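Engineer: Got a structure for you, run.cif, holding mmCIF, C-alpha atoms.
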```
data_structure
#
loop_
_atom_site.label_atom_id
_atom_site.label_comp_id
_atom_site.auth_asym_id
_atom_site.auth_seq_id
_atom_site.Cartn_x
_atom_site.Cartn_y
_atom_site.Cartn_z
CA MET R 866 -23.32 46.12 2.53
CA THR R 867 -21.27 47.77 -0.20
CA MET R 868 -18.84 50.56 0.49
CA SER R 869 -20.86 52.97 -1.59
CA GLU R 870 -23.95 52.20 0.43
CA GLN R 871 -22.06 53.02 3.61
CA GLU R 872 -20.67 56.21 2.13
CA LEU R 873 -24.16 57.32 1.17
CA ARG R 874 -25.49 56.90 4.69
CA LEU R 875 -26.13 60.01 6.75
CA ASP R 876 -27.90 60.76 10.01
CA GLY R 877 -31.47 61.92 10.19
CA ASN R 878 -30.29 65.24 11.54
CA ALA R 879 -28.99 66.05 8.06
CA ALA R 880 -32.62 66.18 6.93
CA ALA R 881 -33.61 68.60 9.69
CA GLY R 882 -34.20 71.43 7.22
CA LEU R 883 -36.28 69.30 4.89
CA LEU R 884 -38.35 67.85 7.74
CA GLN R 885 -38.91 71.29 9.22
CA GLU R 886 -40.48 72.33 5.92
CA VAL R 887 -43.04 69.57 6.48
CA PHE R 888 -43.60 69.65 10.22
CA VAL R 889 -42.75 73.32 10.92
CA HIS R 890 -41.37 72.10 14.25
CA GLU R 891 -37.79 70.92 14.60
CA VAL R 892 -38.38 67.16 14.56
CA THR R 893 -34.94 65.55 14.50
CA SER R 894 -34.80 65.84 18.30
CA VAL R 895 -38.19 64.18 18.85
CA ARG R 896 -39.06 60.51 19.04
CA GLY R 897 -40.87 58.35 16.55
CA ALA R 898 -41.77 54.65 16.36
CA CYS R 899 -41.00 52.32 13.48
CA ALA R 900 -44.12 50.68 12.02
CA ARG R 901 -42.27 47.48 11.22
CA CYS R 902 -40.16 46.66 14.28
CA GLY R 903 -41.56 49.05 16.86
CA ALA R 904 -38.20 50.59 17.72
CA VAL R 905 -38.53 54.04 19.27
CA GLY R 906 -35.84 56.62 18.65
CA GLU R 907 -35.04 60.20 17.88
CA MET R 908 -35.54 61.02 14.22
CA GLY R 909 -32.07 62.55 14.03
CA ALA R 910 -30.53 59.22 14.99
CA GLN R 911 -32.09 57.26 12.10
CA HIS R 912 -30.25 56.53 8.87
CA LEU R 913 -30.68 59.03 6.07
CA TYR R 914 -29.97 58.58 2.38
CA MET R 915 -29.80 61.87 0.55
CA THR R 916 -27.38 63.63 -1.79
CA PRO R 917 -27.39 67.23 -3.00
CA LEU R 918 -28.38 66.06 -6.48
CA SER R 919 -31.07 63.60 -5.47
CA PRO R 920 -34.66 64.81 -5.71
CA GLY R 921 -35.48 63.80 -2.16
CA ALA R 922 -34.52 61.84 0.89
CA VAL R 923 -35.13 58.45 2.46
CA LEU R 924 -35.09 57.91 6.21
CA ARG R 925 -34.65 54.35 7.42
CA CYS R 926 -34.93 52.73 10.84
CA THR R 927 -31.54 52.08 12.45
CA SER R 928 -32.87 48.89 14.02
CA CYS R 929 -34.50 47.10 11.08
CA ASP R 930 -33.59 49.27 8.05
CA SER R 931 -37.26 49.64 7.15
CA LEU R 932 -38.49 52.82 5.42
CA LEU R 933 -39.69 55.49 7.82
CA ILE R 934 -40.09 58.58 5.64
CA VAL R 935 -39.70 59.17 1.91
CA ALA R 936 -39.68 62.75 0.68
CA VAL R 937 -39.52 63.63 -3.02
CA ARG R 938 -39.45 67.04 -4.66
CA THR R 939 -41.10 67.07 -8.04
CA GLY R 940 -42.82 69.64 -10.18
CA GLY R 941 -42.87 72.29 -7.51
CA ARG R 942 -44.34 69.91 -4.93
CA LEU R 943 -42.88 68.08 -1.99
CA ARG R 944 -44.46 64.63 -1.62
CA VAL R 945 -43.94 63.08 1.79
CA GLY R 946 -44.60 59.43 2.55
CA LEU R 947 -44.83 58.63 6.25
CA GLN R 948 -45.69 54.97 5.78
CA GLY R 949 -43.05 53.65 8.12
CA LEU R 950 -43.92 55.65 11.21
CA VAL R 951 -46.57 54.57 13.71
CA TRP R 952 -46.25 57.85 15.54
CA ILE R 953 -44.07 60.88 15.99
CA GLU R 954 -44.05 63.03 19.11
CA LEU R 955 -44.30 66.81 18.72
CA PRO R 956 -44.25 69.55 21.33
CA ASP R 957 -47.84 70.10 22.48
CA GLU R 958 -48.70 73.64 21.44
CA GLY R 959 -52.23 73.13 22.71
CA ALA R 960 -51.15 72.30 26.25
CA ALA R 961 -52.22 74.74 28.95
CA SER R 962 -49.40 77.09 29.81
CA MET H 1243 -49.94 82.00 18.30
CA VAL H 1244 -49.46 82.96 14.71
CA GLY H 1245 -46.36 84.97 15.48
CA THR H 1246 -44.66 82.05 17.17
CA ALA H 1247 -45.40 79.72 14.30
CA LEU H 1248 -44.09 82.20 11.78
CA GLN H 1249 -40.88 82.56 13.72
CA ARG H 1250 -40.37 78.86 13.81
CA ARG H 1251 -40.87 78.32 10.09
CA LEU H 1252 -37.54 78.31 8.31
CA ILE H 1253 -37.01 81.28 6.06
CA TRP H 1254 -34.23 82.09 3.65
CA ARG H 1255 -32.18 85.01 4.89
CA THR H 1256 -29.52 87.11 3.24
CA ALA H 1257 -26.12 86.86 4.91
CA GLU H 1258 -23.20 89.16 4.26
CA VAL H 1259 -19.60 88.01 4.47
CA VAL H 1260 -17.84 90.26 6.97
CA ASP H 1261 -14.60 88.34 7.43
CA LEU H 1262 -12.67 85.42 5.97
CA VAL H 1263 -10.18 83.36 7.98
CA ASP H 1264 -7.83 80.86 6.35
CA GLU H 1265 -7.71 77.96 8.79
CA THR H 1266 -5.61 75.52 6.74
CA PRO H 1267 -4.53 75.43 3.08
CA ARG H 1268 -7.90 73.86 2.18
CA VAL H 1269 -10.20 75.24 4.83
CA ARG H 1270 -11.60 78.72 5.26
CA SER H 1271 -13.98 80.17 7.83
CA LEU H 1272 -16.63 82.67 6.79
CA VAL H 1273 -17.87 85.14 9.37
CA LEU H 1274 -21.38 86.12 8.33
CA ALA H 1275 -23.66 88.93 9.43
CA VAL H 1276 -27.27 87.80 9.23
CA PRO H 1277 -29.86 90.49 10.02
CA GLY H 1278 -32.63 89.02 12.16
CA TRP H 1279 -30.62 85.92 13.07
CA PRO H 1280 -32.44 84.40 16.09
CA GLY H 1281 -29.34 82.77 17.61
CA HIS H 1282 -28.45 79.10 17.63
CA GLN H 1283 -27.24 76.16 19.69
CA ALA H 1284 -23.82 74.55 19.46
CA GLY H 1285 -24.01 71.74 16.92
CA GLN H 1286 -26.77 73.18 14.73
CA HIS H 1287 -26.30 73.80 11.02
CA VAL H 1288 -27.55 76.03 8.25
CA ASP H 1289 -28.57 75.34 4.68
CA VAL H 1290 -26.73 77.58 2.21
CA ARG H 1291 -28.38 78.18 -1.18
CA LEU H 1292 -26.56 79.46 -4.23
CA THR H 1293 -28.37 80.70 -7.34
CA ALA H 1294 -26.64 80.98 -10.70
CA ASP H 1295 -27.40 83.75 -13.21
CA ASP H 1296 -29.60 81.37 -15.18
CA GLY H 1297 -31.68 80.53 -12.11
CA TYR H 1298 -30.10 77.16 -11.34
CA GLN H 1299 -30.07 76.63 -7.60
CA THR H 1300 -28.13 74.27 -5.38
CA GLN H 1301 -27.87 74.00 -1.62
CA ARG H 1302 -25.63 72.43 1.00
CA SER H 1303 -25.67 72.08 4.76
CA TYR H 1304 -22.85 73.49 6.86
CA SER H 1305 -22.34 73.26 10.60
CA ILE H 1306 -22.09 76.47 12.56
CA ALA H 1307 -18.66 76.81 14.17
CA SER H 1308 -19.37 79.80 16.39
CA PRO H 1309 -21.12 79.58 19.74
CA GLN H 1310 -24.43 81.31 20.34
CA SER H 1311 -24.12 85.07 20.47
CA THR H 1312 -26.50 88.01 20.31
CA ASP H 1313 -24.74 89.96 17.58
CA GLU H 1314 -26.60 88.33 14.65
CA ARG H 1315 -23.38 86.77 13.42
CA LEU H 1316 -22.26 83.23 12.83
CA THR H 1317 -19.19 81.47 11.49
CA LEU H 1318 -19.13 78.62 8.97
CA THR H 1319 -15.98 76.63 8.30
CA ILE H 1320 -15.79 75.29 4.76
CA GLU H 1321 -13.43 72.62 3.45
CA ARG H 1322 -12.68 73.10 -0.23
CA LEU H 1323 -13.33 69.96 -2.26
CA ASP H 1324 -11.69 70.64 -5.60
CA ASP H 1325 -14.25 68.74 -7.64
CA GLY H 1326 -17.12 70.14 -5.58
CA GLU H 1327 -19.85 72.34 -6.91
CA VAL H 1328 -20.27 74.70 -3.97
CA SER H 1329 -17.28 74.53 -1.64
CA PRO H 1330 -14.69 75.97 -4.09
CA TYR H 1331 -16.92 79.02 -4.45
CA LEU H 1332 -17.46 79.43 -0.71
CA ALA H 1333 -13.88 78.67 0.31
CA ARG H 1334 -12.05 80.51 -2.47
CA GLU H 1335 -14.17 82.92 -4.50
CA LEU H 1336 -16.14 84.74 -1.81
CA HIS H 1337 -14.96 88.14 -0.62
CA ALA H 1338 -15.92 90.37 2.27
CA GLY H 1339 -19.11 92.19 1.36
CA ASP H 1340 -20.47 89.37 -0.79
CA GLN H 1341 -23.91 88.04 0.03
CA LEU H 1342 -25.37 84.57 0.13
CA GLU H 1343 -28.67 82.99 1.11
CA LEU H 1344 -29.04 80.75 4.12
CA ARG H 1345 -31.73 79.36 6.41
CA GLY H 1346 -31.49 78.16 9.96
CA PRO H 1347 -30.63 77.42 12.62
CA ILE H 1348 -31.47 73.83 11.78
CA GLY H 1349 -31.42 70.68 13.88
CA GLY H 1350 -31.86 69.91 17.54
CA TYR H 1351 -30.48 66.41 17.84
CA PHE H 1352 -26.72 66.93 17.51
CA VAL H 1353 -26.50 69.78 20.03
CA TRP H 1354 -24.80 70.32 23.35
CA ALA H 1355 -25.33 72.99 25.97
CA PRO H 1356 -23.57 73.39 29.33
CA ALA H 1357 -26.83 72.49 31.09
CA LEU H 1358 -26.61 69.01 29.54
CA GLY H 1359 -23.44 68.46 31.59
CA GLY H 1360 -20.76 65.94 30.91
CA PRO H 1361 -18.28 64.47 30.73
CA LEU H 1362 -18.17 65.56 27.12
CA LEU H 1363 -16.39 63.32 24.62
CA LEU H 1364 -15.95 64.79 21.15
CA ILE H 1365 -14.59 62.78 18.24
CA ALA H 1366 -13.73 64.51 14.99
CA GLY H 1367 -12.49 63.42 11.60
CA GLY H 1368 -11.15 66.20 9.39
CA SER H 1369 -13.55 69.11 9.11
CA GLY H 1370 -15.94 67.22 11.37
CA SER H 1371 -14.30 69.34 14.04
CA CYS H 1372 -16.52 72.26 13.04
CA PRO H 1373 -19.72 71.64 15.08
CA LEU H 1374 -17.59 70.25 17.92
CA MET H 1375 -15.63 73.50 17.97
CA ALA H 1376 -18.91 75.36 18.48
CA MET H 1377 -19.44 73.20 21.58
CA LEU H 1378 -15.94 73.85 22.92
CA ARG H 1379 -16.23 77.58 22.23
CA LEU H 1380 -19.59 77.65 24.00
CA ARG H 1381 -18.19 75.69 26.93
CA GLN H 1382 -15.39 78.23 27.26
CA ALA H 1383 -17.63 81.28 26.77
CA ALA H 1384 -20.09 79.99 29.36
CA GLY H 1385 -17.32 79.36 31.89
CA SER H 1386 -18.25 75.68 32.01
CA THR H 1387 -15.78 73.32 33.67
CA VAL H 1388 -17.50 70.17 32.46
CA PRO H 1389 -14.64 67.74 31.74
CA ALA H 1390 -14.18 67.56 27.99
CA ARG H 1391 -11.97 65.58 25.65
CA LEU H 1392 -11.54 66.00 21.93
CA LEU H 1393 -10.07 63.16 19.89
CA TYR H 1394 -9.28 64.62 16.50
CA SER H 1395 -8.20 62.53 13.54
CA SER H 1396 -6.43 64.47 10.81
CA ARG H 1397 -4.27 63.46 7.88
CA SER H 1398 -1.48 65.79 8.96
CA LEU H 1399 -0.73 68.50 11.50
CA ASP H 1400 -1.13 71.21 8.86
CA GLU H 1401 -4.68 70.06 8.22
CA VAL H 1402 -5.78 70.35 11.86
CA ILE H 1403 -8.39 73.10 11.87
CA TYR H 1404 -8.44 75.59 14.81
CA ARG H 1405 -5.05 74.25 15.95
CA SER H 1406 -3.82 77.36 17.77
CA GLU H 1407 -7.23 78.09 19.27
CA LEU H 1408 -7.47 74.53 20.58
CA ALA H 1409 -4.07 74.96 22.21
CA ARG H 1410 -5.30 78.14 23.89
CA LEU H 1411 -8.48 76.45 25.11
CA VAL H 1412 -6.43 73.62 26.63
CA ALA H 1413 -4.02 76.09 28.22
CA ALA H 1414 -6.96 77.91 29.84
CA GLY H 1415 -7.07 75.00 32.27
CA SER H 1416 -10.83 74.51 32.37
CA GLY H 1417 -10.62 70.74 32.05
CA LEU H 1418 -10.31 70.30 28.32
CA GLU H 1419 -7.92 67.75 26.83
CA VAL H 1420 -7.18 67.45 23.11
CA MET H 1421 -5.69 64.36 21.53
CA LEU H 1422 -4.62 64.44 17.90
CA THR H 1423 -4.07 61.41 15.76
CA LEU H 1424 -2.24 62.12 12.50
CA THR H 1425 -3.06 59.36 10.06
CA ARG H 1426 -1.03 60.17 6.96
CA ALA H 1427 1.96 62.35 7.83
CA GLN H 1428 3.58 63.21 11.13
CA PRO H 1429 6.07 66.00 11.82
CA PRO H 1430 9.61 64.96 12.85
CA GLY H 1431 9.70 63.90 16.46
CA TRP H 1432 5.93 63.36 16.67
CA THR H 1433 5.24 61.15 19.69
CA GLY H 1434 1.46 61.32 19.56
CA LEU H 1435 -1.09 59.02 17.99
CA HIS H 1436 -0.64 58.26 14.30
CA ARG H 1437 -3.26 55.75 13.21
CA ARG H 1438 -6.93 55.69 12.38
CA ILE H 1439 -9.34 55.77 15.28
CA ASP H 1440 -9.86 52.27 16.67
CA THR H 1441 -11.29 50.52 19.71
CA GLU H 1442 -8.04 50.56 21.68
CA MET H 1443 -7.65 54.29 21.12
CA LEU H 1444 -11.23 54.95 22.17
CA GLN H 1445 -10.84 52.82 25.27
CA SER H 1446 -7.89 54.92 26.41
CA VAL H 1447 -9.57 58.24 25.58
CA ALA H 1448 -13.19 57.71 26.55
CA TRP H 1449 -14.31 57.79 30.14
CA SER H 1450 -15.67 54.56 31.51
CA PRO H 1451 -19.29 53.85 30.54
CA ALA H 1452 -20.16 54.20 34.24
CA GLU H 1453 -19.33 57.90 34.02
CA ARG H 1454 -21.92 58.22 31.25
CA PRO H 1455 -20.21 60.72 28.97
CA TRP H 1456 -22.15 62.52 26.28
CA ILE H 1457 -20.48 61.56 23.02
CA PHE H 1458 -20.59 63.54 19.79
CA ILE H 1459 -18.92 62.13 16.68
CA CYS H 1460 -18.61 64.04 13.42
CA GLY H 1461 -16.65 63.19 10.31
CA PRO H 1462 -16.61 60.96 7.25
CA THR H 1463 -19.15 58.15 7.43
CA PRO H 1464 -16.63 55.26 7.86
CA LEU H 1465 -14.90 57.03 10.75
CA VAL H 1466 -18.20 57.86 12.44
CA GLU H 1467 -19.50 54.31 12.14
CA THR H 1468 -16.24 52.76 13.32
CA ALA H 1469 -16.11 55.01 16.37
CA ALA H 1470 -19.79 54.71 17.23
CA SER H 1471 -19.88 50.92 17.04
CA ALA H 1472 -16.62 50.60 19.00
CA LEU H 1473 -18.01 52.81 21.76
CA VAL H 1474 -21.20 50.72 21.93
CA ASP H 1475 -19.02 47.59 22.13
CA LEU H 1476 -17.11 49.22 25.01
CA GLY H 1477 -20.39 49.55 26.87
CA HIS H 1478 -21.44 53.13 26.24
CA GLU H 1479 -25.17 53.80 25.96
CA PRO H 1480 -26.25 54.21 22.33
CA ALA H 1481 -28.64 56.97 23.38
CA ARG H 1482 -25.71 59.06 24.61
CA ILE H 1483 -23.77 58.67 21.36
CA LYS H 1484 -24.77 61.26 18.77
CA THR H 1485 -23.39 61.11 15.28
CA GLU H 1486 -23.17 63.39 12.29
CA ARG H 1487 -21.91 61.69 9.14
CA PHE H 1488 -20.63 63.73 6.23
CA GLY H 1489 -21.45 61.21 3.54
CA PRO H 1490 -20.91 62.19 -0.08
CA THR H 1491 -21.61 65.87 0.33
CA GLY H 1492 -20.96 66.70 -3.29
CA GLY H 1493 -18.90 69.55 -1.92
#
```
Take the structure in the file and give it back as structure tokens.

Structural biologist:
Amino acid sequence: MTMSEQELRLDGNAAAGLLQEVFVHEVTSVRGACARCGAVGEMGAQHLYMTPLSPGAVLRCTSCDSLLIVAVRTGGRLRVGLQGLVWIELPDEGAAS
Amino acid sequence: MVGTALQRRLIWRTAEVVDLVDETPRVRSLVLAVPGWPGHQAGQHVDVRLTADDGYQTQRSYSIASPQSTDERLTLTIERLDDGEVSPYLARELHAGDQLELRGPIGGYFVWAPALGGPLLLIAGGSGSCPLMAMLRLRQAAGSTVPARLLYSSRSLDEVIYRSELARLVAAGSGLEVMLTLTRAQPPGWTGLHRRIDTEMLQSVAWSPAERPWIFICGPTPLVETAASALVDLGHEPARIKTERFGPTGG
């Protein structure tokens, strides 16, 4: 672990705005499960790598460091890879109220 | 419902600077009026977007320092990083009446409300005190007597943000304690803490793990990671330790 790698590390909650563009809901306070190690945790608690000048963001599992979400802005599009998540839990808008 | 979904989607809003408060030589608070602002929780942030004349845009995230209110206003506290791209503009060039674009409130993970209870342990490094101040201001405004402690690491006394307000909040006697540690320079006669946050310091400041405090840590990444891992080693539940690292913000 280099110093620069540590300095680059943020919390998932720093990507709350970006993720809300994708999910509409606020998702840093909800739980998701890592596809590699199965750890379940709030998205805001995962490790985030993102700088103001980078074209996107990478969210990694705090337990096994595996990729959870990769988001890249390019050519007017936002490409989102969710390959590292088995599931994510959203508020159930369809539930009877 | 369509209306609900539209409300939830983040939109860029125009904010107007209504007041500027110099907190320290390098830190300034901006009081912003934001028409249509839906309110926010303590600990949430906003994205601020600046657009140059040639169309170049850049954005940064800033924590909200003010507690929830109904007057469509919020306060951001900005530390000026001299080689930064955005913070010198926000903390030095802006004047009352100027406008800027922002979206929010954003985030739901690093938030505290009186209903969550306590004890409440807040650990700040430098301008990491900003979202924690929103929590303390909310606690006071709500009349909460949840026991709260703030451990605040600053390079010097002059660089402690909200210093006089913190003293007033402590003097109000609602169960708040503030401990400063001054890591680089101490005033003559200083008898308080004067080293970087470490395990021994956290052991003396934190409640016992059995009391299950909610812990919020905000500051530079090394400070946050040192404090969080020390607290886990001391036996605190990881799920009750919430962190917000600055990282290389680019200012």

Engineer: Go through the shown structure with the PyMOL selection byres ((chain R and resi 890) around 10) and write out the matching residues as a ChimeraX atom specification.

Structural biologist: /R:881,884-889,891-895,955-956 /H:1247,1250-1252

Engineer: At a cut-off of 12 Å, can you tabulate as JSON lines every residue of chain R near chain H together with its closest atom pair and the distance in Å to one decimal, using all atoms listed in the file and ordering rows by chain then number?

Structural biologist:
```
{"residue": "R:Thr867", "atom": "CA", "partner": "H:Pro1464", "partner_atom": "CA", "distance": 11.9}
{"residue": "R:Met868", "atom": "CA", "partner": "H:Pro1464", "partner_atom": "CA", "distance": 9.0}
{"residue": "R:Ser869", "atom": "CA", "partner": "H:Pro1490", "partner_atom": "CA", "distance": 9.3}
{"residue": "R:Glu870", "atom": "CA", "partner": "H:Gly1489", "partner_atom": "CA", "distance": 9.9}
{"residue": "R:Gln871", "atom": "CA", "partner": "H:Thr1463", "partner_atom": "CA", "distance": 7.0}
{"residue": "R:Glu872", "atom": "CA", "partner": "H:Gly1489", "partner_atom": "CA", "distance": 5.3}
{"residue": "R:Leu873", "atom": "CA", "partner": "H:Gly1489", "partner_atom": "CA", "distance": 5.3}
{"residue": "R:Arg874", "atom": "CA", "partner": "H:Gly1489", "partner_atom": "CA", "distance": 6.0}
{"residue": "R:Leu875", "atom": "CA", "partner": "H:Arg1487", "partner_atom": "CA", "distance": 5.1}
{"residue": "R:Asp876", "atom": "CA", "partner": "H:Glu1486", "partner_atom": "CA", "distance": 5.9}
{"residue": "R:Gly877", "atom": "CA", "partner": "H:Glu1486", "partner_atom": "CA", "distance": 8.7}
{"residue": "R:Asn878", "atom": "CA", "partner": "H:Gly1349", "partner_atom": "CA", "distance": 6.0}
{"residue": "R:Ala879", "atom": "CA", "partner": "H:Ser1303", "partner_atom": "CA", "distance": 7.6}
{"residue": "R:Ala880", "atom": "CA", "partner": "H:Gly1349", "partner_atom": "CA", "distance": 8.4}
{"residue": "R:Ala881", "atom": "CA", "partner": "H:Gly1349", "partner_atom": "CA", "distance": 5.2}
{"residue": "R:Gly882", "atom": "CA", "partner": "H:Ile1348", "partner_atom": "CA", "distance": 5.8}
{"residue": "R:Leu883", "atom": "CA", "partner": "H:Ile1348", "partner_atom": "CA", "distance": 9.5}
{"residue": "R:Leu884", "atom": "CA", "partner": "H:Gly1349", "partner_atom": "CA", "distance": 9.7}
{"residue": "R:Gln885", "atom": "CA", "partner": "H:Leu1252", "partner_atom": "CA", "distance": 7.2}
{"residue": "R:Glu886", "atom": "CA", "partner": "H:Leu1252", "partner_atom": "CA", "distance": 7.1}
{"residue": "R:Val887", "atom": "CA", "partner": "H:Arg1251", "partner_atom": "CA", "distance": 9.7}
{"residue": "R:Phe888", "atom": "CA", "partner": "H:Arg1251", "partner_atom": "CA", "distance": 9.1}
{"residue": "R:Val889", "atom": "CA", "partner": "H:Arg1251", "partner_atom": "CA", "distance": 5.4}
{"residue": "R:His890", "atom": "CA", "partner": "H:Arg1250", "partner_atom": "CA", "distance": 6.8}
{"residue": "R:Glu891", "atom": "CA", "partner": "H:Gly1349", "partner_atom": "CA", "distance": 6.4}
{"residue": "R:Val892", "atom": "CA", "partner": "H:Gly1350", "partner_atom": "CA", "distance": 7.7}
{"residue": "R:Thr893", "atom": "CA", "partner": "H:Tyr1351", "partner_atom": "CA", "distance": 5.6}
{"residue": "R:Ser894", "atom": "CA", "partner": "H:Tyr1351", "partner_atom": "CA", "distance": 4.4}
{"residue": "R:Val895", "atom": "CA", "partner": "H:Tyr1351", "partner_atom": "CA", "distance": 8.1}
{"residue": "R:Arg896", "atom": "CA", "partner": "H:Tyr1351", "partner_atom": "CA", "distance": 10.5}
{"residue": "R:Val905", "atom": "CA", "partner": "H:Ala1481", "partner_atom": "CA", "distance": 11.1}
{"residue": "R:Gly906", "atom": "CA", "partner": "H:Ala1481", "partner_atom": "CA", "distance": 8.6}
{"residue": "R:Glu907", "atom": "CA", "partner": "H:Tyr1351", "partner_atom": "CA", "distance": 7.7}
{"residue": "R:Met908", "atom": "CA", "partner": "H:Tyr1351", "partner_atom": "CA", "distance": 8.2}
{"residue": "R:Gly909", "atom": "CA", "partner": "H:Tyr1351", "partner_atom": "CA", "distance": 5.7}
{"residue": "R:Ala910", "atom": "CA", "partner": "H:Lys1484", "partner_atom": "CA", "distance": 7.2}
{"residue": "R:Gln911", "atom": "CA", "partner": "H:Thr1485", "partner_atom": "CA", "distance": 10.0}
{"residue": "R:His912", "atom": "CA", "partner": "H:Arg1487", "partner_atom": "CA", "distance": 9.8}
{"residue": "R:Leu913", "atom": "CA", "partner": "H:Arg1487", "partner_atom": "CA", "distance": 9.7}
{"residue": "R:Tyr914", "atom": "CA", "partner": "H:Gly1489", "partner_atom": "CA", "distance": 9.0}
{"residue": "R:Met915", "atom": "CA", "partner": "H:Gly1489", "partner_atom": "CA", "distance": 8.9}
{"residue": "R:Thr916", "atom": "CA", "partner": "H:Thr1491", "partner_atom": "CA", "distance": 6.5}
{"residue": "R:Pro917", "atom": "CA", "partner": "H:Gly1492", "partner_atom": "CA", "distance": 6.5}
{"residue": "R:Leu918", "atom": "CA", "partner": "H:Gly1492", "partner_atom": "CA", "distance": 8.1}
{"residue": "R:Ser919", "atom": "CA", "partner": "H:Gly1492", "partner_atom": "CA", "distance": 10.8}
{"residue": "R:Pro920", "atom": "CA", "partner": "H:Thr1300", "partner_atom": "CA", "distance": 11.5}
{"residue": "R:Thr927", "atom": "CA", "partner": "H:Pro1480", "partner_atom": "CA", "distance": 11.4}
{"residue": "R:Ser928", "atom": "CA", "partner": "H:Pro1480", "partner_atom": "CA", "distance": 11.9}
{"residue": "R:Glu958", "atom": "CA", "partner": "H:Met1243", "partner_atom": "CA", "distance": 9.0}
{"residue": "R:Gly959", "atom": "CA", "partner": "H:Met1243", "partner_atom": "CA", "distance": 10.2}
```

Engineer: For atom CA of Val1263 of chain H and atom CA of Thr1317 of chain H, determine how far apart the two atoms are, in Å to one decimal place.

Structural biologist: 9.9 Å

Engineer: What's around Gln1445 of chain H at 12 Å? Count all atoms listed in the file, leave out sequence neighbours fewer than 2 positions away in its own chain, and write the answer as a PDB file with C-alpha atoms, in the frame of the given file.

Structural biologist:
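Final output, result33.pdb:
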```
ATOM      1  CA  LEU H1363     -16.390  63.320  24.620  1.00  0.00           C
ATOM      2  CA  LEU H1393     -10.070  63.160  19.890  1.00  0.00           C
ATOM      3  CA  ILE H1439      -9.340  55.770  15.280  1.00  0.00           C
ATOM      4  CA  ASP H1440      -9.860  52.270  16.670  1.00  0.00           C
ATOM      5  CA  THR H1441     -11.290  50.520  19.710  1.00  0.00           C
ATOM      6  CA  GLU H1442      -8.040  50.560  21.680  1.00  0.00           C
ATOM      7  CA  MET H1443      -7.650  54.290  21.120  1.00  0.00           C
ATOM      8  CA  VAL H1447      -9.570  58.240  25.580  1.00  0.00           C
ATOM      9  CA  ALA H1448     -13.190  57.710  26.550  1.00  0.00           C
ATOM     10  CA  TRP H1449     -14.310  57.790  30.140  1.00  0.00           C
ATOM     11  CA  SER H1450     -15.670  54.560  31.510  1.00  0.00           C
ATOM     12  CA  PRO H1451     -19.290  53.850  30.540  1.00  0.00           C
ATOM     13  CA  ALA H1469     -16.110  55.010  16.370  1.00  0.00           C
ATOM     14  CA  ALA H1472     -16.620  50.600  19.000  1.00  0.00           C
ATOM     15  CA  LEU H1473     -18.010  52.810  21.760  1.00  0.00           C
ATOM     16  CA  VAL H1474     -21.200  50.720  21.930  1.00  0.00           C
ATOM     17  CA  ASP H1475     -19.020  47.590  22.130  1.00  0.00           C
ATOM     18  CA  LEU H1476     -17.110  49.220  25.010  1.00  0.00           C
ATOM     19  CA  GLY H1477     -20.390  49.550  26.870  1.00  0.00           C
ATOM     20  CA  HIS H1478     -21.440  53.130  26.240  1.00  0.00           C
TER      21      HIS H1478
END
```

Engineer: What's the separation between atom CA of Ala1333 of chain H and atom CA of Ile1320 of chain H, in Å to one decimal place?

Structural biologist: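 Atom-to-atom, atom CA of Ala1333 of chain H and atom CA of Ile1320 of chain H are spaced 5.9 Å apart.
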
Engineer: Could you jot down the atom CA of Met1421 of chain H to atom CA of Leu1262 of chain H separation for me, Å, one decimal place?

Structural biologist: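 Distance reported for this atom pair: 27.1 Å.
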
Engineer: Could you spell out the hits of the PyMOL selection byres ((chain R and resi 946) around 9) on the shown file, as a PyMOL selection string?

Structural biologist: chain R and resi 933-937+944-945+947-949

Engineer: Can you give me, as a ChimeraX atom specification, the residues this file yields under the PyMOL selection byres ((chain H and resi 1272) around 12)?

Structural biologist: /H:1257-1265,1269-1271,1273-1275,1304-1308,1315-1321,1329,1331-1342

Engineer: Only C-alpha atoms, please: the residues just picked out, written as a short mmCIF file (atom, residue, chain, number, x, y, z; two decimals), in the frame of the given file.

Structural biologist:
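Output saved as again.cif:
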```cif
data_model
loop_
_atom_site.label_atom_id
_atom_site.label_comp_id
_atom_site.auth_asym_id
_atom_site.auth_seq_id
_atom_site.Cartn_x
_atom_site.Cartn_y
_atom_site.Cartn_z
CA ALA H 1257 -26.12 86.86 4.91
CA GLU H 1258 -23.20 89.16 4.26
CA VAL H 1259 -19.60 88.01 4.47
CA VAL H 1260 -17.84 90.26 6.97
CA ASP H 1261 -14.60 88.34 7.43
CA LEU H 1262 -12.67 85.42 5.97
CA VAL H 1263 -10.18 83.36 7.98
CA ASP H 1264 -7.83 80.86 6.35
CA GLU H 1265 -7.71 77.96 8.79
CA VAL H 1269 -10.20 75.24 4.83
CA ARG H 1270 -11.60 78.72 5.26
CA SER H 1271 -13.98 80.17 7.83
CA VAL H 1273 -17.87 85.14 9.37
CA LEU H 1274 -21.38 86.12 8.33
CA ALA H 1275 -23.66 88.93 9.43
CA TYR H 1304 -22.85 73.49 6.86
CA SER H 1305 -22.34 73.26 10.60
CA ILE H 1306 -22.09 76.47 12.56
CA ALA H 1307 -18.66 76.81 14.17
CA SER H 1308 -19.37 79.80 16.39
CA ARG H 1315 -23.38 86.77 13.42
CA LEU H 1316 -22.26 83.23 12.83
CA THR H 1317 -19.19 81.47 11.49
CA LEU H 1318 -19.13 78.62 8.97
CA THR H 1319 -15.98 76.63 8.30
CA ILE H 1320 -15.79 75.29 4.76
CA GLU H 1321 -13.43 72.62 3.45
CA SER H 1329 -17.28 74.53 -1.64
CA TYR H 1331 -16.92 79.02 -4.45
CA LEU H 1332 -17.46 79.43 -0.71
CA ALA H 1333 -13.88 78.67 0.31
CA ARG H 1334 -12.05 80.51 -2.47
CA GLU H 1335 -14.17 82.92 -4.50
CA LEU H 1336 -16.14 84.74 -1.81
CA HIS H 1337 -14.96 88.14 -0.62
CA ALA H 1338 -15.92 90.37 2.27
CA GLY H 1339 -19.11 92.19 1.36
CA ASP H 1340 -20.47 89.37 -0.79
CA GLN H 1341 -23.91 88.04 0.03
CA LEU H 1342 -25.37 84.57 0.13
#
```
